[in-house]
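Source file: final.tsv. Holds: TSV, C-alpha atoms.
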chain	number	residue	atom	x	y	z
C	6	MET	CA	-44.61	0.07	-26.90
C	7	THR	CA	-42.30	-2.04	-29.03
C	8	GLU	CA	-40.75	-0.79	-32.26
C	9	PHE	CA	-42.29	-2.04	-35.54
C	10	THR	CA	-39.54	-4.10	-37.25
C	11	PRO	CA	-40.86	-5.27	-40.65
C	12	LEU	CA	-37.49	-6.03	-42.28
C	13	LEU	CA	-35.92	-7.89	-39.35
C	14	SER	CA	-39.16	-9.79	-38.82
C	15	LEU	CA	-39.34	-10.74	-42.51
C	16	ALA	CA	-35.71	-11.88	-42.45
C	17	GLY	CA	-36.21	-13.80	-39.20
C	18	GLY	CA	-39.38	-15.41	-40.52
C	19	ALA	CA	-37.56	-16.47	-43.70
C	20	LEU	CA	-34.85	-18.16	-41.58
C	21	ILE	CA	-37.52	-19.99	-39.55
C	22	GLY	CA	-39.05	-21.19	-42.84
C	23	LEU	CA	-35.62	-22.19	-44.15
C	24	ALA	CA	-34.95	-24.24	-41.00
C	25	ALA	CA	-38.31	-26.00	-41.47
C	26	VAL	CA	-37.48	-26.84	-45.11
C	27	LEU	CA	-33.97	-28.09	-44.25
C	28	LEU	CA	-35.21	-30.32	-41.41
C	29	MET	CA	-37.74	-31.87	-43.82
C	30	ALA	CA	-35.22	-32.20	-46.67
C	31	LEU	CA	-32.49	-33.79	-44.54
C	32	HIS	CA	-34.27	-35.53	-41.63
C	33	GLY	CA	-37.79	-35.83	-43.00
C	34	ARG	CA	-39.11	-34.18	-39.84
C	35	ILE	CA	-41.52	-31.40	-38.86
C	36	ALA	CA	-39.69	-28.47	-37.20
C	37	GLY	CA	-42.18	-28.23	-34.34
C	38	MET	CA	-40.78	-27.12	-31.00
C	39	THR	CA	-43.44	-28.99	-29.00
C	40	GLY	CA	-42.66	-32.37	-30.53
C	41	ILE	CA	-38.91	-31.84	-30.42
C	42	LEU	CA	-38.97	-30.72	-26.77
C	43	THR	CA	-41.36	-33.44	-25.60
C	44	ALA	CA	-39.10	-36.14	-27.06
C	45	VAL	CA	-36.11	-35.06	-24.94
C	46	ILE	CA	-38.05	-34.95	-21.65
C	47	PRO	CA	-37.41	-38.34	-19.94
C	48	PRO	CA	-38.48	-41.02	-20.70
C	49	LEU	CA	-36.49	-40.14	-23.83
C	50	SER	CA	-37.83	-41.07	-27.24
C	51	PRO	CA	-35.50	-43.52	-29.07
C	52	ASP	CA	-34.48	-40.95	-31.70
C	53	TRP	CA	-33.74	-38.09	-29.26
C	54	GLY	CA	-30.15	-37.24	-30.26
C	55	TRP	CA	-30.87	-35.02	-33.26
C	56	ARG	CA	-33.63	-33.31	-31.29
C	57	ALA	CA	-31.29	-32.44	-28.43
C	58	ALA	CA	-28.86	-31.05	-31.01
C	59	PHE	CA	-31.62	-28.94	-32.60
C	60	LEU	CA	-32.51	-27.50	-29.17
C	61	ALA	CA	-28.84	-26.81	-28.39
C	62	GLY	CA	-28.46	-25.00	-31.72
C	63	ALA	CA	-31.59	-22.92	-31.08
C	64	ILE	CA	-30.32	-21.91	-27.63
C	65	ALA	CA	-26.82	-21.16	-28.98
C	66	ALA	CA	-28.18	-18.81	-31.66
C	67	PRO	CA	-28.76	-15.73	-29.45
C	68	VAL	CA	-25.46	-16.41	-27.69
C	69	LEU	CA	-23.62	-16.26	-31.03
C	70	LEU	CA	-25.64	-13.24	-32.21
C	71	GLY	CA	-24.68	-11.47	-28.99
C	72	ALA	CA	-21.01	-12.39	-29.34
C	73	VAL	CA	-20.82	-11.12	-32.93
C	74	PHE	CA	-23.19	-8.13	-32.99
C	75	GLY	CA	-23.49	-7.19	-29.31
C	76	ASP	CA	-26.78	-6.58	-27.55
C	77	VAL	CA	-29.04	-6.77	-30.62
C	78	VAL	CA	-31.75	-9.21	-29.55
C	79	GLY	CA	-34.51	-7.30	-27.79
C	80	PHE	CA	-36.07	-8.89	-24.73
C	81	SER	CA	-38.63	-7.59	-22.30
C	82	SER	CA	-40.94	-9.74	-20.19
C	83	PRO	CA	-43.68	-7.60	-18.63
C	84	VAL	CA	-45.29	-10.48	-16.68
C	85	PRO	CA	-44.75	-11.24	-12.95
C	86	ALA	CA	-42.98	-14.54	-12.15
C	87	SER	CA	-46.08	-16.12	-10.57
C	88	TRP	CA	-47.96	-15.61	-13.84
C	89	LEU	CA	-45.01	-16.95	-15.86
C	90	ILE	CA	-45.23	-20.16	-13.84
C	91	ALA	CA	-49.00	-20.43	-14.20
C	92	GLY	CA	-48.87	-19.50	-17.90
C	93	GLY	CA	-45.97	-21.88	-18.54
C	94	LEU	CA	-47.90	-24.80	-17.06
C	95	VAL	CA	-50.93	-23.86	-19.16
C	96	VAL	CA	-48.82	-23.66	-22.35
C	97	GLY	CA	-47.23	-27.06	-21.60
C	98	VAL	CA	-50.59	-28.77	-21.12
C	99	GLY	CA	-52.11	-27.02	-24.16
C	100	VAL	CA	-49.35	-27.79	-26.66
C	101	TYR	CA	-49.16	-31.42	-25.48
C	102	PHE	CA	-52.85	-32.13	-26.00
C	103	GLY	CA	-53.01	-29.87	-29.06
C	104	SER	CA	-50.06	-31.76	-30.62
C	105	GLY	CA	-48.13	-28.62	-31.49
C	106	CYS	CA	-47.56	-24.90	-31.24
C	107	THR	CA	-46.74	-21.91	-33.42
C	108	SER	CA	-43.82	-23.64	-35.16
C	109	GLY	CA	-45.33	-27.10	-35.70
C	110	HIS	CA	-48.92	-26.10	-36.54
C	111	GLY	CA	-48.53	-22.41	-37.45
C	112	VAL	CA	-45.58	-22.77	-39.84
C	113	CYS	CA	-44.94	-26.41	-40.79
C	114	GLY	CA	-48.57	-27.59	-40.67
C	115	ILE	CA	-50.10	-24.71	-42.55
C	116	ALA	CA	-47.26	-24.83	-45.11
C	117	ARG	CA	-48.35	-28.36	-46.05
C	118	LEU	CA	-52.04	-27.34	-45.86
C	119	SER	CA	-52.90	-29.69	-42.97
C	120	PRO	CA	-56.54	-29.08	-41.97
C	121	ARG	CA	-55.72	-29.97	-38.33
C	122	SER	CA	-52.94	-27.38	-38.22
C	123	ILE	CA	-55.05	-24.70	-39.88
C	124	ALA	CA	-57.81	-25.32	-37.31
C	125	ALA	CA	-55.41	-25.41	-34.35
C	126	THR	CA	-53.64	-22.22	-35.45
C	127	ALA	CA	-56.92	-20.35	-35.91
C	128	VAL	CA	-58.03	-21.45	-32.43
C	129	PHE	CA	-54.84	-20.55	-30.59
C	130	MET	CA	-54.43	-17.19	-32.36
C	131	VAL	CA	-57.98	-16.20	-31.40
C	132	ALA	CA	-57.57	-17.55	-27.84
C	133	THR	CA	-54.34	-15.58	-27.44
C	134	ALA	CA	-55.89	-12.35	-28.73
C	135	ILE	CA	-58.90	-12.75	-26.42
C	136	THR	CA	-56.62	-13.46	-23.45
C	137	VAL	CA	-54.47	-10.38	-24.13
C	138	PHE	CA	-57.60	-8.24	-24.56
C	139	VAL	CA	-59.13	-9.45	-21.30
C	140	ILE	CA	-55.89	-9.04	-19.32
C	141	ARG	CA	-55.01	-5.60	-20.69
C	142	HIS	CA	-58.36	-3.95	-21.32
C	143	VAL	CA	-60.80	-5.67	-18.94
C	144	LEU	CA	-58.63	-6.53	-15.93
C	145	GLY	CA	-56.21	-3.63	-16.47
C	146	GLY	CA	-53.04	-5.77	-16.48
C	147	LEU	CA	-51.50	-8.53	-14.36
V	15	MET	CA	-23.82	-38.58	-36.31
V	16	GLN	CA	-24.58	-36.60	-39.48
V	17	LYS	CA	-28.19	-36.34	-38.33
V	18	VAL	CA	-27.10	-34.83	-35.02
V	19	LEU	CA	-24.62	-32.41	-36.59
V	20	PHE	CA	-27.05	-31.10	-39.20
V	21	ALA	CA	-29.89	-30.86	-36.68
V	22	GLY	CA	-27.64	-28.64	-34.55
V	23	LEU	CA	-26.97	-26.37	-37.54
V	24	ILE	CA	-30.66	-26.25	-38.46
V	25	GLY	CA	-31.50	-25.44	-34.83
V	26	LEU	CA	-29.00	-22.60	-35.05
V	27	ILE	CA	-30.77	-21.24	-38.16
V	28	PHE	CA	-34.16	-21.61	-36.45
V	29	GLY	CA	-32.95	-19.88	-33.27
V	30	THR	CA	-31.37	-17.05	-35.27
V	31	GLY	CA	-34.65	-16.53	-37.09
V	32	ILE	CA	-36.61	-16.51	-33.83
V	33	ALA	CA	-34.16	-14.11	-32.19
V	34	ILE	CA	-33.95	-11.48	-34.95
V	35	SER	CA	-37.67	-11.70	-35.81
V	36	GLY	CA	-38.80	-10.70	-32.31
V	37	MET	CA	-40.50	-14.01	-31.48
V	38	ALA	CA	-38.20	-14.46	-28.45
V	39	ASN	CA	-39.37	-11.13	-27.02
V	40	PRO	CA	-42.56	-11.54	-24.95
V	41	ALA	CA	-43.35	-7.81	-24.93
V	42	LYS	CA	-43.31	-7.77	-28.75
V	43	VAL	CA	-45.44	-10.91	-29.00
V	44	LEU	CA	-48.03	-9.53	-26.56
V	45	ASN	CA	-48.17	-6.24	-28.47
V	46	PHE	CA	-48.87	-8.12	-31.70
V	47	PHE	CA	-52.05	-9.45	-30.10
V	48	ASP	CA	-53.01	-6.11	-28.52
V	49	PHE	CA	-55.06	-4.72	-31.43
V	50	ALA	CA	-56.97	-2.44	-29.05
V	51	GLY	CA	-53.80	-0.99	-27.50
V	52	THR	CA	-50.09	-0.86	-28.35
V	53	TRP	CA	-50.36	-2.92	-31.56
V	54	ASP	CA	-47.07	-4.00	-33.18
V	55	PRO	CA	-47.78	-5.78	-36.51
V	56	SER	CA	-44.21	-7.20	-36.81
V	57	LEU	CA	-45.16	-10.81	-36.07
V	58	ALA	CA	-47.48	-10.94	-39.10
V	59	PHE	CA	-44.30	-10.43	-41.16
V	60	VAL	CA	-42.59	-13.30	-39.31
V	61	MET	CA	-45.46	-15.70	-39.95
V	62	GLY	CA	-45.88	-14.50	-43.55
V	63	ALA	CA	-42.22	-14.97	-44.46
V	64	ALA	CA	-41.86	-18.28	-42.60
V	65	LEU	CA	-44.99	-19.67	-44.28
V	66	ALA	CA	-43.98	-18.51	-47.76
V	67	VAL	CA	-40.52	-20.09	-47.52
V	68	ALA	CA	-41.79	-23.29	-45.87
V	69	ALA	CA	-44.68	-23.76	-48.33
V	70	ILE	CA	-42.48	-23.32	-51.40
V	71	GLY	CA	-39.68	-25.45	-49.93
V	72	TYR	CA	-41.99	-28.27	-48.82
V	73	HIS	CA	-43.57	-28.29	-52.28
V	74	PHE	CA	-40.26	-29.37	-53.81
V	75	VAL	CA	-38.87	-31.42	-50.90
V	76	LEU	CA	-41.96	-33.61	-50.45
V	77	LYS	CA	-41.87	-34.60	-54.15
V	78	ARG	CA	-38.62	-36.46	-53.49
V	79	PRO	CA	-38.82	-40.16	-52.60
V	80	ALA	CA	-37.09	-39.71	-49.23
V	81	PRO	CA	-35.16	-37.19	-47.13
V	82	VAL	CA	-31.36	-37.13	-47.45
V	83	LEU	CA	-30.53	-38.56	-44.01
V	84	ASP	CA	-33.46	-40.93	-43.47
V	85	THR	CA	-35.37	-43.57	-45.41
V	86	THR	CA	-38.78	-41.92	-45.15
V	87	PHE	CA	-40.58	-38.65	-44.37
V	88	HIS	CA	-42.13	-38.64	-40.90
V	89	LEU	CA	-45.37	-36.74	-41.43
V	90	PRO	CA	-48.20	-36.61	-38.88
V	91	THR	CA	-50.81	-39.28	-39.61
V	92	ALA	CA	-53.74	-37.90	-37.56
V	93	ARG	CA	-56.49	-36.49	-39.78
V	94	ARG	CA	-59.45	-35.81	-37.49
V	95	ILE	CA	-60.05	-32.36	-36.05
V	96	ASP	CA	-60.90	-33.68	-32.59
V	97	THR	CA	-61.48	-32.35	-29.10
V	98	PRO	CA	-57.88	-32.70	-27.80
V	99	LEU	CA	-56.60	-30.71	-30.79
V	100	ILE	CA	-59.06	-27.84	-30.40
V	101	ALA	CA	-59.11	-27.79	-26.58
V	102	GLY	CA	-55.31	-28.04	-26.45
V	103	ALA	CA	-54.93	-25.20	-28.95
V	104	ALA	CA	-57.34	-23.01	-26.94
V	105	ILE	CA	-55.48	-23.78	-23.69
V	106	PHE	CA	-52.15	-23.00	-25.37
V	107	GLY	CA	-53.56	-19.67	-26.56
V	108	VAL	CA	-54.57	-18.69	-23.04
V	109	GLY	CA	-51.04	-19.42	-21.77
V	110	TRP	CA	-49.44	-17.60	-24.73
V	111	GLY	CA	-51.66	-14.60	-24.03
V	112	ILE	CA	-50.74	-14.59	-20.33
V	113	THR	CA	-46.97	-14.86	-20.84
V	114	GLY	CA	-46.07	-13.83	-24.41
V	115	PHE	CA	-43.95	-16.99	-24.64
V	116	CYS	CA	-44.62	-19.85	-27.06
V	117	PRO	CA	-42.35	-22.94	-27.06
V	118	GLY	CA	-40.47	-21.93	-30.21
V	119	GLY	CA	-39.85	-18.45	-28.85
V	120	ALA	CA	-38.96	-19.49	-25.31
V	121	ILE	CA	-36.27	-22.09	-26.09
V	122	PRO	CA	-34.00	-19.68	-28.03
V	123	ALA	CA	-34.72	-17.02	-25.36
V	124	LEU	CA	-32.90	-19.31	-22.91
V	125	GLY	CA	-29.71	-18.34	-24.75
V	126	LEU	CA	-30.25	-14.73	-23.75
V	127	GLY	CA	-29.71	-15.79	-20.14
V	128	GLU	CA	-32.96	-14.13	-19.07
V	129	PRO	CA	-34.36	-15.58	-15.80
V	130	ASP	CA	-37.94	-15.06	-17.02
V	131	ALA	CA	-37.32	-17.36	-19.98
V	132	MET	CA	-35.89	-20.03	-17.65
V	133	ILE	CA	-38.88	-19.78	-15.29
V	134	PHE	CA	-41.27	-20.11	-18.23
V	135	VAL	CA	-39.47	-23.07	-19.82
V	136	ALA	CA	-39.27	-24.89	-16.46
V	137	ALA	CA	-43.02	-24.41	-15.93
V	138	MET	CA	-43.85	-25.36	-19.53
V	139	THR	CA	-41.77	-28.54	-19.18
V	140	GLY	CA	-43.73	-29.31	-16.00
V	141	GLY	CA	-46.97	-28.80	-17.93
V	142	ILE	CA	-45.87	-31.24	-20.66
V	143	VAL	CA	-44.86	-33.83	-18.02
V	144	LEU	CA	-48.22	-33.43	-16.24
V	145	ALA	CA	-50.18	-33.73	-19.48
V	146	ARG	CA	-48.21	-36.79	-20.62
V	147	SER	CA	-48.69	-38.51	-17.23
V	148	ALA	CA	-52.41	-37.75	-17.32
V	149	ARG	CA	-52.77	-39.17	-20.83
V	150	LEU	CA	-50.83	-42.32	-19.94
V	151	ALA	CA	-52.92	-42.82	-16.80
V	152	PHE	CA	-56.17	-42.45	-18.75
V	153	ALA	CA	-54.92	-44.84	-21.44
V	154	ALA	CA	-53.90	-47.42	-18.80
V	155	ARG	CA	-57.31	-47.20	-17.14
V	156	ALA	CA	-59.10	-47.55	-20.48
V	157	ASN	CA	-56.98	-50.62	-21.30
V	158	ALA	CA	-57.74	-52.20	-17.90
V	159	ARG	CA	-61.45	-51.58	-18.44
V	160	ASP	CA	-61.45	-53.05	-21.94
V	161	ALA	CA	-59.37	-56.11	-21.00
Please express the file's structure as structure tokens.
Amino acid sequence: MTEFTPLLSLAGGALIGLAAVLLMALHGRIAGMTGILTAVIPPLSPDWGWRAAFLAGAIAAPVLLGAVFGDVVGFSSPVPASWLIAGGLVVGVGVYFGSGCTSGHGVCGIARLSPRSIAATAVFMVATAITVFVIRHVLGGL
Amino acid sequence: MQKVLFAGLIGLIFGTGIAISGMANPAKVLNFFDFAGTWDPSLAFVMGAALAVAAIGYHFVLKRPAPVLDTTFHLPTARRIDTPLIAGAAIFGVGWGITGFCPGGAIPALGLGEPDAMIFVAAMTGGIVLARSARLAFAARANARDA
């Protein structure tokens, strides 16, 4: 079980949306983690500096939250390491060929009513739900 | 320099949103998708709020002639709903369902110092490298054939 957190989730979601708007207003860029991450994996894309800074800021956020508010960011990973490796590889391949993930397609793409992003988000949400159902209720867990 | 500085601050806002919303917590993400079991609807609130803010903000921002720190908006140009898009999205969903990590959740989770987040991000980076190499190899072969 995890606790239902509507207010924190709303506030967090609003900040994610705000970051997307600011990155478009200032840099003219989509705040998609797949694209930003791919560009800083060598061979580096020419315009990699701001992307590395974005990643550094994103990683620093929970560090700062922890320093100011203590142990407030919940984390629990119920999956064995071997499955994290397999699943991580699968996610990397999928987001590369699918040109985006939850942030790029699910937030930025849908917000500008991109048909490709709406289609991709529908597909990955359904695929995720089916995968969780099969693992938890057919196979009985990993 | 301004671009780098502001991108760092925007990344900080993004990561804070991910962290407090629960998106960096794989157990919470997996429970959102477990409608038949320990369902936690929180992530619908994350997506709802993020989409509402982004849609309204984009509406005004994209009416401007250009962004503040660049000469043009860099919007995706692909229009076709093609096989790589749909197959890639389906593959991503399988991996998200196995691990509970998506790229935007996993990167900020690195800041929590959790080994599981590091293992996932290392493997995901490997997956991106593999996929990019495969695409480049296919493209090179297609070029050689067409030449």
Enumerate as a PDB file with C-alpha atoms, keeping the file's coordinate frame the residues belonging to chain C that approach chain V to within 6 Å, with only C-alpha atoms taken into account.
ATOM      1  CA  MET C   6     -44.610   0.070 -26.900  1.00  0.00           C
ATOM      2  CA  THR C   7     -42.300  -2.040 -29.030  1.00  0.00           C
ATOM      3  CA  PHE C   9     -42.290  -2.040 -35.540  1.00  0.00           C
ATOM      4  CA  THR C  10     -39.540  -4.100 -37.250  1.00  0.00           C
ATOM      5  CA  PRO C  11     -40.860  -5.270 -40.650  1.00  0.00           C
ATOM      6  CA  LEU C  13     -35.920  -7.890 -39.350  1.00  0.00           C
ATOM      7  CA  SER C  14     -39.160  -9.790 -38.820  1.00  0.00           C
ATOM      8  CA  LEU C  15     -39.340 -10.740 -42.510  1.00  0.00           C
ATOM      9  CA  GLY C  17     -36.210 -13.800 -39.200  1.00  0.00           C
ATOM     10  CA  GLY C  18     -39.380 -15.410 -40.520  1.00  0.00           C
ATOM     11  CA  ALA C  19     -37.560 -16.470 -43.700  1.00  0.00           C
ATOM     12  CA  LEU C  20     -34.850 -18.160 -41.580  1.00  0.00           C
ATOM     13  CA  ILE C  21     -37.520 -19.990 -39.550  1.00  0.00           C
ATOM     14  CA  GLY C  22     -39.050 -21.190 -42.840  1.00  0.00           C
ATOM     15  CA  ALA C  24     -34.950 -24.240 -41.000  1.00  0.00           C
ATOM     16  CA  VAL C  26     -37.480 -26.840 -45.110  1.00  0.00           C
ATOM     17  CA  ALA C  30     -35.220 -32.200 -46.670  1.00  0.00           C
ATOM     18  CA  LEU C  31     -32.490 -33.790 -44.540  1.00  0.00           C
ATOM     19  CA  HIS C  32     -34.270 -35.530 -41.630  1.00  0.00           C
ATOM     20  CA  GLY C  33     -37.790 -35.830 -43.000  1.00  0.00           C
ATOM     21  CA  ARG C  34     -39.110 -34.180 -39.840  1.00  0.00           C
ATOM     22  CA  MET C  38     -40.780 -27.120 -31.000  1.00  0.00           C
ATOM     23  CA  TRP C  55     -30.870 -35.020 -33.260  1.00  0.00           C
ATOM     24  CA  ALA C  58     -28.860 -31.050 -31.010  1.00  0.00           C
ATOM     25  CA  PHE C  59     -31.620 -28.940 -32.600  1.00  0.00           C
ATOM     26  CA  GLY C  62     -28.460 -25.000 -31.720  1.00  0.00           C
ATOM     27  CA  ALA C  63     -31.590 -22.920 -31.080  1.00  0.00           C
ATOM     28  CA  ILE C  64     -30.320 -21.910 -27.630  1.00  0.00           C
ATOM     29  CA  ALA C  65     -26.820 -21.160 -28.980  1.00  0.00           C
ATOM     30  CA  ALA C  66     -28.180 -18.810 -31.660  1.00  0.00           C
ATOM     31  CA  PRO C  67     -28.760 -15.730 -29.450  1.00  0.00           C
ATOM     32  CA  VAL C  68     -25.460 -16.410 -27.690  1.00  0.00           C
ATOM     33  CA  PHE C  80     -36.070  -8.890 -24.730  1.00  0.00           C
ATOM     34  CA  SER C  81     -38.630  -7.590 -22.300  1.00  0.00           C
ATOM     35  CA  SER C  82     -40.940  -9.740 -20.190  1.00  0.00           C
ATOM     36  CA  LEU C  89     -45.010 -16.950 -15.860  1.00  0.00           C
ATOM     37  CA  ILE C  90     -45.230 -20.160 -13.840  1.00  0.00           C
ATOM     38  CA  GLY C  92     -48.870 -19.500 -17.900  1.00  0.00           C
ATOM     39  CA  GLY C  93     -45.970 -21.880 -18.540  1.00  0.00           C
ATOM     40  CA  LEU C  94     -47.900 -24.800 -17.060  1.00  0.00           C
ATOM     41  CA  VAL C  95     -50.930 -23.860 -19.160  1.00  0.00           C
ATOM     42  CA  VAL C  96     -48.820 -23.660 -22.350  1.00  0.00           C
ATOM     43  CA  GLY C  97     -47.230 -27.060 -21.600  1.00  0.00           C
ATOM     44  CA  VAL C  98     -50.590 -28.770 -21.120  1.00  0.00           C
ATOM     45  CA  GLY C  99     -52.110 -27.020 -24.160  1.00  0.00           C
ATOM     46  CA  VAL C 100     -49.350 -27.790 -26.660  1.00  0.00           C
ATOM     47  CA  TYR C 101     -49.160 -31.420 -25.480  1.00  0.00           C
ATOM     48  CA  PHE C 102     -52.850 -32.130 -26.000  1.00  0.00           C
ATOM     49  CA  GLY C 103     -53.010 -29.870 -29.060  1.00  0.00           C
ATOM     50  CA  VAL C 112     -45.580 -22.770 -39.840  1.00  0.00           C
ATOM     51  CA  ALA C 116     -47.260 -24.830 -45.110  1.00  0.00           C
ATOM     52  CA  ARG C 121     -55.720 -29.970 -38.330  1.00  0.00           C
ATOM     53  CA  ALA C 125     -55.410 -25.410 -34.350  1.00  0.00           C
ATOM     54  CA  VAL C 128     -58.030 -21.450 -32.430  1.00  0.00           C
ATOM     55  CA  PHE C 129     -54.840 -20.550 -30.590  1.00  0.00           C
ATOM     56  CA  ALA C 132     -57.570 -17.550 -27.840  1.00  0.00           C
ATOM     57  CA  THR C 133     -54.340 -15.580 -27.440  1.00  0.00           C
ATOM     58  CA  ALA C 134     -55.890 -12.350 -28.730  1.00  0.00           C
ATOM     59  CA  THR C 136     -56.620 -13.460 -23.450  1.00  0.00           C
ATOM     60  CA  VAL C 137     -54.470 -10.380 -24.130  1.00  0.00           C
TER      61      VAL C 137
END
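Note that atom CA of Ala25 of chain C and atom CA of Ile123 of chain C are 16.9 Å apart.
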Point-to-point distance from atom CA of Ser87 of chain C to atom CA of Cys106 of chain C, Å rounded to tenths: 22.5 Å
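Distances to Ile115 of chain C were evaluated for C:Val139, C:Ile35, C:Ala61, C:Val84 using only C-alpha atoms, and the minimum falls at C:Ile35.
With atom CA of Ala44 of chain C on one side and atom CA of Leu60 of chain C on the other, the separation reads 11.1 Å.
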Exercise on segment 100-114 of chain C, axis-aligned box with 3 Å per side, report centre and edge lengths in Å to one decimal, as lines of an AutoDock Vina configuration file:
center_x = -48.4
center_y = -27.0
center_z = -33.1
size_x = 15.2
size_y = 16.2
size_z = 21.3
